[in-house]
$ cat query02.pdb   # PDB, C-alpha atoms, pLDDT in the B column
ATOM      1  CA  GLN A1050       3.696   8.383  15.859  1.00 88.00           C
ATOM      2  CA  VAL A1051       1.170   7.833  13.093  1.00 94.00           C
ATOM      3  CA  GLN A1052      -1.870   5.577  13.079  1.00 97.00           C
ATOM      4  CA  LEU A1053      -2.992   3.976   9.812  1.00 98.00           C
ATOM      5  CA  VAL A1054      -6.410   2.614   8.915  1.00 98.00           C
ATOM      6  CA  GLU A1055      -7.133   0.879   5.611  1.00 98.00           C
ATOM      7  CA  SER A1056     -10.508   0.635   3.898  1.00 98.00           C
ATOM      8  CA  GLY A1057     -12.000  -0.207   0.532  1.00 98.00           C
ATOM      9  CA  GLY A1058     -11.417  -3.927   0.378  1.00 98.00           C
ATOM     10  CA  GLY A1059     -14.066  -6.401  -0.670  1.00 98.00           C
ATOM     11  CA  LEU A1060     -15.098  -9.145  -3.063  1.00 98.00           C
ATOM     12  CA  VAL A1061     -14.720  -8.504  -6.778  1.00 98.00           C
ATOM     13  CA  GLN A1062     -14.750 -10.621  -9.925  1.00 98.00           C
ATOM     14  CA  ALA A1063     -11.623 -11.140 -11.962  1.00 98.00           C
ATOM     15  CA  GLY A1064     -11.071  -8.196 -14.275  1.00 98.00           C
ATOM     16  CA  GLY A1065     -12.731  -5.799 -11.885  1.00 98.00           C
ATOM     17  CA  SER A1066     -11.368  -2.845  -9.928  1.00 98.00           C
ATOM     18  CA  LEU A1067     -11.096  -1.680  -6.347  1.00 98.00           C
ATOM     19  CA  ARG A1068      -9.611   1.390  -4.720  1.00 98.00           C
ATOM     20  CA  LEU A1069      -8.067   1.017  -1.310  1.00 98.00           C
ATOM     21  CA  SER A1070      -7.597   3.945   1.036  1.00 98.00           C
ATOM     22  CA  CYS A1071      -5.221   4.375   3.945  1.00 98.00           C
ATOM     23  CA  ALA A1072      -6.103   7.178   6.326  1.00 98.00           C
ATOM     24  CA  ALA A1073      -3.374   8.512   8.588  1.00 96.00           C
ATOM     25  CA  SER A1074      -3.804  10.258  11.923  1.00 93.00           C
ATOM     26  CA  GLY A1075      -1.505  11.463  14.663  1.00 92.00           C
ATOM     27  CA  ARG A1076       1.071  12.985  12.339  1.00 90.00           C
ATOM     28  CA  THR A1077       0.999  14.578   8.913  1.00 91.00           C
ATOM     29  CA  LEU A1078       1.277  12.102   6.073  1.00 92.00           C
ATOM     30  CA  SER A1079       3.897  14.196   4.266  1.00 92.00           C
ATOM     31  CA  SER A1080       6.406  13.108   6.924  1.00 93.00           C
ATOM     32  CA  TYR A1081       6.406   9.554   5.547  1.00 95.00           C
ATOM     33  CA  ALA A1082       7.112   7.574   2.459  1.00 96.00           C
ATOM     34  CA  MET A1083       4.226   5.149   2.148  1.00 97.00           C
ATOM     35  CA  GLY A1084       3.953   1.600   0.979  1.00 98.00           C
ATOM     36  CA  TRP A1085       1.349  -1.051   0.296  1.00 98.00           C
ATOM     37  CA  PHE A1086       2.016  -4.702   1.043  1.00 98.00           C
ATOM     38  CA  ARG A1087      -0.163  -7.780   0.834  1.00 98.00           C
ATOM     39  CA  GLN A1088      -0.270 -11.113   2.584  1.00 98.00           C
ATOM     40  CA  ALA A1089      -2.091 -14.180   1.337  1.00 95.00           C
ATOM     41  CA  PRO A1090      -3.006 -17.022   3.722  1.00 91.00           C
ATOM     42  CA  GLY A1091       0.040 -19.070   4.642  1.00 94.00           C
ATOM     43  CA  LYS A1092       2.404 -16.774   2.749  1.00 96.00           C
ATOM     44  CA  GLU A1093       4.812 -14.003   3.623  1.00 96.00           C
ATOM     45  CA  ARG A1094       3.946 -10.337   3.423  1.00 96.00           C
ATOM     46  CA  VAL A1095       5.091  -9.019   0.041  1.00 97.00           C
ATOM     47  CA  PHE A1096       5.619  -5.612  -1.447  1.00 98.00           C
ATOM     48  CA  VAL A1097       3.039  -4.105  -3.791  1.00 98.00           C
ATOM     49  CA  ALA A1098       3.776  -0.400  -4.264  1.00 98.00           C
ATOM     50  CA  ALA A1099       5.406   2.608  -2.609  1.00 98.00           C
ATOM     51  CA  SER A1100       5.355   6.375  -2.885  1.00 97.00           C
ATOM     52  CA  THR A1101       7.831   9.052  -1.865  1.00 96.00           C
ATOM     53  CA  ARG A1102       6.770  11.708   0.632  1.00 95.00           C
ATOM     54  CA  SER A1103       5.663  14.114  -2.093  1.00 93.00           C
ATOM     55  CA  GLY A1104       4.129  11.422  -4.287  1.00 92.00           C
ATOM     56  CA  GLY A1105       6.477  12.360  -7.107  1.00 93.00           C
ATOM     57  CA  GLY A1106       8.248   9.023  -7.043  1.00 95.00           C
ATOM     58  CA  THR A1107       6.707   5.564  -7.082  1.00 97.00           C
ATOM     59  CA  LEU A1108       7.816   1.951  -7.094  1.00 97.00           C
ATOM     60  CA  TYR A1109       5.844  -1.157  -8.030  1.00 97.00           C
ATOM     61  CA  ALA A1110       6.212  -4.884  -7.780  1.00 97.00           C
ATOM     62  CA  ASP A1111       6.485  -6.492 -11.210  1.00 97.00           C
ATOM     63  CA  SER A1112       3.327  -8.481 -10.547  1.00 97.00           C
ATOM     64  CA  VAL A1113       1.172  -5.346 -10.338  1.00 98.00           C
ATOM     65  CA  LYS A1114       2.975  -2.971 -12.681  1.00 98.00           C
ATOM     66  CA  GLY A1115       0.562  -1.508 -15.221  1.00 98.00           C
ATOM     67  CA  ARG A1116      -2.490  -2.602 -13.225  1.00 98.00           C
ATOM     68  CA  PHE A1117      -2.125  -0.878  -9.830  1.00 98.00           C
ATOM     69  CA  THR A1118      -1.480   2.785  -9.091  1.00 98.00           C
ATOM     70  CA  ILE A1119      -0.408   4.286  -5.792  1.00 98.00           C
ATOM     71  CA  SER A1120      -1.285   7.908  -5.110  1.00 98.00           C
ATOM     72  CA  ARG A1121      -1.577  10.174  -2.137  1.00 97.00           C
ATOM     73  CA  ASP A1122      -3.351  13.311  -1.016  1.00 97.00           C
ATOM     74  CA  ASN A1123      -1.225  14.780   1.752  1.00 95.00           C
ATOM     75  CA  ALA A1124      -3.814  17.486   2.424  1.00 96.00           C
ATOM     76  CA  LYS A1125      -6.303  14.711   3.248  1.00 96.00           C
ATOM     77  CA  ASN A1126      -3.688  12.561   4.996  1.00 97.00           C
ATOM     78  CA  THR A1127      -4.674   9.651   2.771  1.00 97.00           C
ATOM     79  CA  VAL A1128      -2.882   7.215   0.486  1.00 98.00           C
ATOM     80  CA  TYR A1129      -4.683   5.250  -2.197  1.00 98.00           C
ATOM     81  CA  LEU A1130      -4.114   2.080  -4.159  1.00 98.00           C
ATOM     82  CA  GLN A1131      -6.133   1.874  -7.353  1.00 98.00           C
ATOM     83  CA  MET A1132      -6.298  -1.750  -8.469  1.00 98.00           C
ATOM     84  CA  ASN A1133      -7.486  -2.560 -11.986  1.00 98.00           C
ATOM     85  CA  SER A1134      -7.658  -5.787 -13.974  1.00 98.00           C
ATOM     86  CA  LEU A1135      -7.711  -7.770 -10.771  1.00 98.00           C
ATOM     87  CA  LYS A1136      -6.753 -11.442 -10.822  1.00 98.00           C
ATOM     88  CA  PRO A1137      -7.518 -14.246  -8.362  1.00 97.00           C
ATOM     89  CA  GLU A1138      -3.854 -14.245  -7.358  1.00 96.00           C
ATOM     90  CA  ASP A1139      -4.299 -10.681  -6.057  1.00 98.00           C
ATOM     91  CA  THR A1140      -6.420 -12.094  -3.229  1.00 98.00           C
ATOM     92  CA  ALA A1141      -4.816 -11.119   0.085  1.00 98.00           C
ATOM     93  CA  VAL A1142      -5.001  -8.837   3.073  1.00 98.00           C
ATOM     94  CA  TYR A1143      -3.604  -5.477   1.993  1.00 98.00           C
ATOM     95  CA  HIS A1144      -1.687  -3.355   4.477  1.00 98.00           C
ATOM     96  CA  CYS A1145      -0.421   0.190   4.201  1.00 98.00           C
ATOM     97  CA  ALA A1146       2.796   1.136   5.933  1.00 98.00           C
ATOM     98  CA  ALA A1147       4.759   4.289   6.740  1.00 97.00           C
ATOM     99  CA  ASP A1148       8.519   4.787   6.494  1.00 95.00           C
ATOM    100  CA  SER A1149       9.642   7.563   8.850  1.00 92.00           C
ATOM    101  CA  VAL A1150      13.249   7.751   7.625  1.00 89.00           C
ATOM    102  CA  ASN A1151      13.853  10.584   5.167  1.00 87.00           C
ATOM    103  CA  ARG A1152      15.442   8.735   2.248  1.00 87.00           C
ATOM    104  CA  GLY A1153      14.766  11.399  -0.365  1.00 84.00           C
ATOM    105  CA  THR A1154      13.729   9.724  -3.592  1.00 85.00           C
ATOM    106  CA  VAL A1155      14.784   6.235  -2.513  1.00 87.00           C
ATOM    107  CA  LEU A1156      11.990   3.738  -1.919  1.00 88.00           C
ATOM    108  CA  TYR A1157      12.288   0.287  -0.418  1.00 90.00           C
ATOM    109  CA  GLY A1158      10.194  -2.772  -1.106  1.00 92.00           C
ATOM    110  CA  TYR A1159      10.892  -4.781   2.007  1.00 92.00           C
ATOM    111  CA  PRO A1160       8.757  -4.684   5.159  1.00 93.00           C
ATOM    112  CA  ASN A1161      11.605  -3.940   7.575  1.00 94.00           C
ATOM    113  CA  ALA A1162      12.028  -0.471   6.055  1.00 94.00           C
ATOM    114  CA  TYR A1163       8.601   0.558   7.348  1.00 96.00           C
ATOM    115  CA  ASP A1164       7.916   1.590  10.929  1.00 95.00           C
ATOM    116  CA  TYR A1165       4.148   1.800  11.169  1.00 97.00           C
ATOM    117  CA  TRP A1166       1.453  -0.516   9.854  1.00 98.00           C
ATOM    118  CA  GLY A1167      -2.284  -0.611   9.501  1.00 98.00           C
ATOM    119  CA  GLN A1168      -4.397  -3.634  10.371  1.00 97.00           C
ATOM    120  CA  GLY A1169      -5.199  -4.403   6.764  1.00 98.00           C
ATOM    121  CA  THR A1170      -8.218  -4.785   4.506  1.00 98.00           C
ATOM    122  CA  GLN A1171      -9.245  -8.016   2.785  1.00 98.00           C
ATOM    123  CA  VAL A1172      -9.363  -8.170  -0.990  1.00 98.00           C
ATOM    124  CA  THR A1173     -10.875 -11.262  -2.572  1.00 98.00           C
ATOM    125  CA  VAL A1174     -10.922 -11.755  -6.325  1.00 98.00           C
ATOM    126  CA  SER A1175     -13.154 -14.513  -7.654  1.00 97.00           C
ATOM    127  CA  SER A1176     -12.517 -16.289 -10.929  1.00 94.00           C
TER     128      SER A1176
END
$ encode --input "query02.pdb" --output "structure tokens"
Amino acid sequence: QVQLVESGGGLVQAGGSLRLSCAASGRTLSSYAMGWFRQAPGKERVFVAASTRSGGGTLYADSVKGRFTISRDNAKNTVYLQMNSLKPEDTAVYHCAADSVNRGTVLYGYPNAYDYWGQGTQVTVSS
């Protein structure tokens, strides 16, 4: 079982940048495909980005494509989400999640595909 802890959230002006981190413990990160999801108040949790176990494959939601980048350092057991050109509509609690099923290069963008979740970090973008 893996434990996930997010950090790096905060308050930023529109157009600014943040980098979120997700630190894993308990098991090596290379055993999991990893995803980032976000949840705004009163809304469902939605997919943001995902990475294959090696980091060689990625998937992005259309709303963040070209602005956000997911990366990982398996040696440091950490996944990152670099967020640039932030918009007020990016405001949400951001969660990282781990998919323990070995799907090769296939990545899924729905929450039920992921087994383990962090508690989340708040990102607020002011206009």
$ closest_atom_pairs --input "query02.pdb" --of "stretch 1105-1172 of chain A" --to "stretch 1066-1069 of chain A" --cutoff "12 Å" --atoms "only C-alpha atoms" --output "tab-separated table"
residue	atom	partner	partner_atom	distance
A:Arg1116	CA	A:Ser1066	CA	9.5
A:Phe1117	CA	A:Arg1068	CA	9.3
A:Thr1118	CA	A:Arg1068	CA	9.3
A:Ile1119	CA	A:Leu1069	CA	9.5
A:Ser1120	CA	A:Leu1069	CA	10.4
A:Arg1121	CA	A:Leu1069	CA	11.3
A:Thr1127	CA	A:Leu1069	CA	10.1
A:Val1128	CA	A:Leu1069	CA	8.3
A:Tyr1129	CA	A:Leu1069	CA	5.5
A:Leu1130	CA	A:Leu1069	CA	5.0
A:Gln1131	CA	A:Arg1068	CA	4.4
A:Met1132	CA	A:Leu1067	CA	5.2
A:Asn1133	CA	A:Ser1066	CA	4.4
A:Ser1134	CA	A:Ser1066	CA	6.2
A:Leu1135	CA	A:Ser1066	CA	6.2
A:Lys1136	CA	A:Ser1066	CA	9.8
A:Asp1139	CA	A:Ser1066	CA	11.2
A:Thr1140	CA	A:Leu1067	CA	11.8
A:Val1142	CA	A:Leu1069	CA	11.2
A:Tyr1143	CA	A:Leu1069	CA	8.5
A:His1144	CA	A:Leu1069	CA	9.7
A:Cys1145	CA	A:Leu1069	CA	9.5
A:Gly1169	CA	A:Leu1069	CA	10.1
A:Thr1170	CA	A:Leu1069	CA	8.2
A:Gln1171	CA	A:Leu1069	CA	10.0
A:Val1172	CA	A:Leu1067	CA	8.6
$ write_last_selection --input "query02.pdb" --atoms "C-alpha atoms" --output "PDB file, in the coordinates of the input"
ATOM      1  CA  ARG A1116      -2.490  -2.602 -13.225  1.00 98.00           C
ATOM      2  CA  PHE A1117      -2.125  -0.878  -9.830  1.00 98.00           C
ATOM      3  CA  THR A1118      -1.480   2.785  -9.091  1.00 98.00           C
ATOM      4  CA  ILE A1119      -0.408   4.286  -5.792  1.00 98.00           C
ATOM      5  CA  SER A1120      -1.285   7.908  -5.110  1.00 98.00           C
ATOM      6  CA  ARG A1121      -1.577  10.174  -2.137  1.00 97.00           C
ATOM      7  CA  THR A1127      -4.674   9.651   2.771  1.00 97.00           C
ATOM      8  CA  VAL A1128      -2.882   7.215   0.486  1.00 98.00           C
ATOM      9  CA  TYR A1129      -4.683   5.250  -2.197  1.00 98.00           C
ATOM     10  CA  LEU A1130      -4.114   2.080  -4.159  1.00 98.00           C
ATOM     11  CA  GLN A1131      -6.133   1.874  -7.353  1.00 98.00           C
ATOM     12  CA  MET A1132      -6.298  -1.750  -8.469  1.00 98.00           C
ATOM     13  CA  ASN A1133      -7.486  -2.560 -11.986  1.00 98.00           C
ATOM     14  CA  SER A1134      -7.658  -5.787 -13.974  1.00 98.00           C
ATOM     15  CA  LEU A1135      -7.711  -7.770 -10.771  1.00 98.00           C
ATOM     16  CA  LYS A1136      -6.753 -11.442 -10.822  1.00 98.00           C
ATOM     17  CA  ASP A1139      -4.299 -10.681  -6.057  1.00 98.00           C
ATOM     18  CA  THR A1140      -6.420 -12.094  -3.229  1.00 98.00           C
ATOM     19  CA  VAL A1142      -5.001  -8.837   3.073  1.00 98.00           C
ATOM     20  CA  TYR A1143      -3.604  -5.477   1.993  1.00 98.00           C
ATOM     21  CA  HIS A1144      -1.687  -3.355   4.477  1.00 98.00           C
ATOM     22  CA  CYS A1145      -0.421   0.190   4.201  1.00 98.00           C
ATOM     23  CA  GLY A1169      -5.199  -4.403   6.764  1.00 98.00           C
ATOM     24  CA  THR A1170      -8.218  -4.785   4.506  1.00 98.00           C
ATOM     25  CA  GLN A1171      -9.245  -8.016   2.785  1.00 98.00           C
ATOM     26  CA  VAL A1172      -9.363  -8.170  -0.990  1.00 98.00           C
TER      27      VAL A1172
END
$ resolve_selection --input "query02.pdb" --expression "the PyMOL selection byres ((chain A and resi 1162) around 10)" --output "compact mmCIF listing (two decimals) with C-alpha atoms, keeping the file's coordinate frame"
# COMPACT_ATOMS: atom_id res chain seq x y z
CA GLY A 1084 3.95 1.60 0.98
CA ALA A 1146 2.80 1.14 5.93
CA ALA A 1147 4.76 4.29 6.74
CA ASP A 1148 8.52 4.79 6.49
CA SER A 1149 9.64 7.56 8.85
CA VAL A 1150 13.25 7.75 7.62
CA LEU A 1156 11.99 3.74 -1.92
CA TYR A 1157 12.29 0.29 -0.42
CA GLY A 1158 10.19 -2.77 -1.11
CA TYR A 1159 10.89 -4.78 2.01
CA PRO A 1160 8.76 -4.68 5.16
CA ASN A 1161 11.60 -3.94 7.58
CA TYR A 1163 8.60 0.56 7.35
CA ASP A 1164 7.92 1.59 10.93
CA TYR A 1165 4.15 1.80 11.17
$ atom_distance --input "query02.pdb" --atom1 "atom CA of A:Gln1050" --atom2 "atom CA of A:Ala1141"
26.5 Å
$ closest_residue --input "query02.pdb" --among "A:Gly1065, A:Gln1052, A:Val1155, A:Thr1173" --to "A:Gln1088" --atoms "all atoms listed in the file"
A:Thr1173
$ atom_distance --input "query02.pdb" --atom1 "atom CA of A:Asn1126" --atom2 "atom CA of A:Gly1059"
22.3 Å
$ atom_distance --input "query02.pdb" --atom1 "atom CA of A:Asn1123" --atom2 "atom CA of A:Glu1055"
15.6 Å
$ resolve_selection --input "query02.pdb" --expression "the PyMOL selection byres ((chain A and resi 1082) around 6)" --output "ChimeraX atom specification"
/A:1081,1083,1100-1102,1147-1148
$ closest_residue --input "query02.pdb" --among "A:Gly1075, A:Ser1103, A:Val1051, A:Ser1175" --to "A:Asp1122" --atoms "only C-alpha atoms"
A:Ser1103
$ axis_aligned_box --input "query02.pdb" --around "stretch 1143-1152 of chain A" --padding-each-side "5 Å" --output "AutoDock Vina command-line options"
--center_x 5.9 --center_y 2.6 --center_z 5.4 --size_x 29.0 --size_y 26.1 --size_z 16.9
$ build_atoms --input "query02.pdb" --residues "stretch 1113-1140 of chain A" --atoms "N, CA and C atoms" --output "mmCIF file, keeping the file's coordinate frame"
data_model
loop_
_atom_site.group_PDB
_atom_site.id
_atom_site.type_symbol
_atom_site.label_atom_id
_atom_site.label_comp_id
_atom_site.auth_asym_id
_atom_site.auth_seq_id
_atom_site.Cartn_x
_atom_site.Cartn_y
_atom_site.Cartn_z
ATOM 1 N N VAL A 1113 2.296 -6.286 -10.289
ATOM 2 C CA VAL A 1113 1.172 -5.346 -10.338
ATOM 3 C C VAL A 1113 1.430 -4.171 -11.273
ATOM 4 N N LYS A 1114 2.619 -4.092 -11.827
ATOM 5 C CA LYS A 1114 2.975 -2.971 -12.681
ATOM 6 C C LYS A 1114 2.031 -2.896 -13.877
ATOM 7 N N GLY A 1115 1.499 -1.704 -14.125
ATOM 8 C CA GLY A 1115 0.562 -1.508 -15.221
ATOM 9 C C GLY A 1115 -0.884 -1.741 -14.844
ATOM 10 N N ARG A 1116 -1.116 -2.342 -13.680
ATOM 11 C CA ARG A 1116 -2.490 -2.602 -13.225
ATOM 12 C C ARG A 1116 -2.849 -1.796 -11.972
ATOM 13 N N PHE A 1117 -1.887 -1.593 -11.091
ATOM 14 C CA PHE A 1117 -2.125 -0.878 -9.830
ATOM 15 C C PHE A 1117 -1.448 0.490 -9.891
ATOM 16 N N THR A 1118 -2.051 1.449 -9.187
ATOM 17 C CA THR A 1118 -1.480 2.785 -9.091
ATOM 18 C C THR A 1118 -1.565 3.274 -7.659
ATOM 19 N N ILE A 1119 -0.430 3.675 -7.119
ATOM 20 C CA ILE A 1119 -0.408 4.286 -5.792
ATOM 21 C C ILE A 1119 -0.445 5.800 -5.959
ATOM 22 N N SER A 1120 -1.222 6.449 -5.104
ATOM 23 C CA SER A 1120 -1.285 7.908 -5.110
ATOM 24 C C SER A 1120 -1.520 8.370 -3.685
ATOM 25 N N ARG A 1121 -1.380 9.644 -3.472
ATOM 26 C CA ARG A 1121 -1.577 10.174 -2.137
ATOM 27 C C ARG A 1121 -2.102 11.591 -2.210
ATOM 28 N N ASP A 1122 -2.870 11.953 -1.194
ATOM 29 C CA ASP A 1122 -3.351 13.311 -1.016
ATOM 30 C C ASP A 1122 -2.898 13.734 0.376
ATOM 31 N N ASN A 1123 -1.778 14.412 0.444
ATOM 32 C CA ASN A 1123 -1.225 14.780 1.752
ATOM 33 C C ASN A 1123 -2.135 15.752 2.501
ATOM 34 N N ALA A 1124 -2.887 16.555 1.770
ATOM 35 C CA ALA A 1124 -3.814 17.486 2.424
ATOM 36 C C ALA A 1124 -4.929 16.723 3.149
ATOM 37 N N LYS A 1125 -5.266 15.544 2.619
ATOM 38 C CA LYS A 1125 -6.303 14.711 3.248
ATOM 39 C C LYS A 1125 -5.702 13.614 4.111
ATOM 40 N N ASN A 1126 -4.370 13.583 4.190
ATOM 41 C CA ASN A 1126 -3.688 12.561 4.996
ATOM 42 C C ASN A 1126 -4.094 11.146 4.580
ATOM 43 N N THR A 1127 -4.190 10.931 3.278
ATOM 44 C CA THR A 1127 -4.674 9.651 2.771
ATOM 45 C C THR A 1127 -3.822 9.179 1.598
ATOM 46 N N VAL A 1128 -3.555 7.879 1.591
ATOM 47 C CA VAL A 1128 -2.882 7.215 0.486
ATOM 48 C C VAL A 1128 -3.862 6.248 -0.154
ATOM 49 N N TYR A 1129 -3.752 6.098 -1.462
ATOM 50 C CA TYR A 1129 -4.683 5.250 -2.197
ATOM 51 C C TYR A 1129 -3.926 4.175 -2.973
ATOM 52 N N LEU A 1130 -4.620 3.095 -3.237
ATOM 53 C CA LEU A 1130 -4.114 2.080 -4.159
ATOM 54 C C LEU A 1130 -5.255 1.733 -5.106
ATOM 55 N N GLN A 1131 -5.153 2.211 -6.330
ATOM 56 C CA GLN A 1131 -6.133 1.874 -7.353
ATOM 57 C C GLN A 1131 -5.717 0.562 -8.000
ATOM 58 N N MET A 1132 -6.606 -0.416 -7.964
ATOM 59 C CA MET A 1132 -6.298 -1.750 -8.469
ATOM 60 C C MET A 1132 -7.253 -2.069 -9.611
ATOM 61 N N ASN A 1133 -6.706 -2.234 -10.792
ATOM 62 C CA ASN A 1133 -7.486 -2.560 -11.986
ATOM 63 C C ASN A 1133 -7.089 -3.936 -12.514
ATOM 64 N N SER A 1134 -7.931 -4.481 -13.362
ATOM 65 C CA SER A 1134 -7.658 -5.787 -13.974
ATOM 66 C C SER A 1134 -7.268 -6.824 -12.929
ATOM 67 N N LEU A 1135 -8.046 -6.889 -11.885
ATOM 68 C CA LEU A 1135 -7.711 -7.770 -10.771
ATOM 69 C C LEU A 1135 -7.759 -9.234 -11.172
ATOM 70 N N LYS A 1136 -6.878 -10.005 -10.558
ATOM 71 C CA LYS A 1136 -6.753 -11.442 -10.822
ATOM 72 C C LYS A 1136 -6.965 -12.201 -9.518
ATOM 73 N N PRO A 1137 -7.354 -13.456 -9.591
ATOM 74 C CA PRO A 1137 -7.518 -14.246 -8.362
ATOM 75 C C PRO A 1137 -6.253 -14.262 -7.504
ATOM 76 N N GLU A 1138 -5.098 -14.221 -8.125
ATOM 77 C CA GLU A 1138 -3.854 -14.245 -7.358
ATOM 78 C C GLU A 1138 -3.580 -12.927 -6.619
ATOM 79 N N ASP A 1139 -4.401 -11.919 -6.833
ATOM 80 C CA ASP A 1139 -4.299 -10.681 -6.057
ATOM 81 C C ASP A 1139 -5.012 -10.797 -4.721
ATOM 82 N N THR A 1140 -5.704 -11.895 -4.487
ATOM 83 C CA THR A 1140 -6.420 -12.094 -3.229
ATOM 84 C C THR A 1140 -5.450 -12.119 -2.061
#
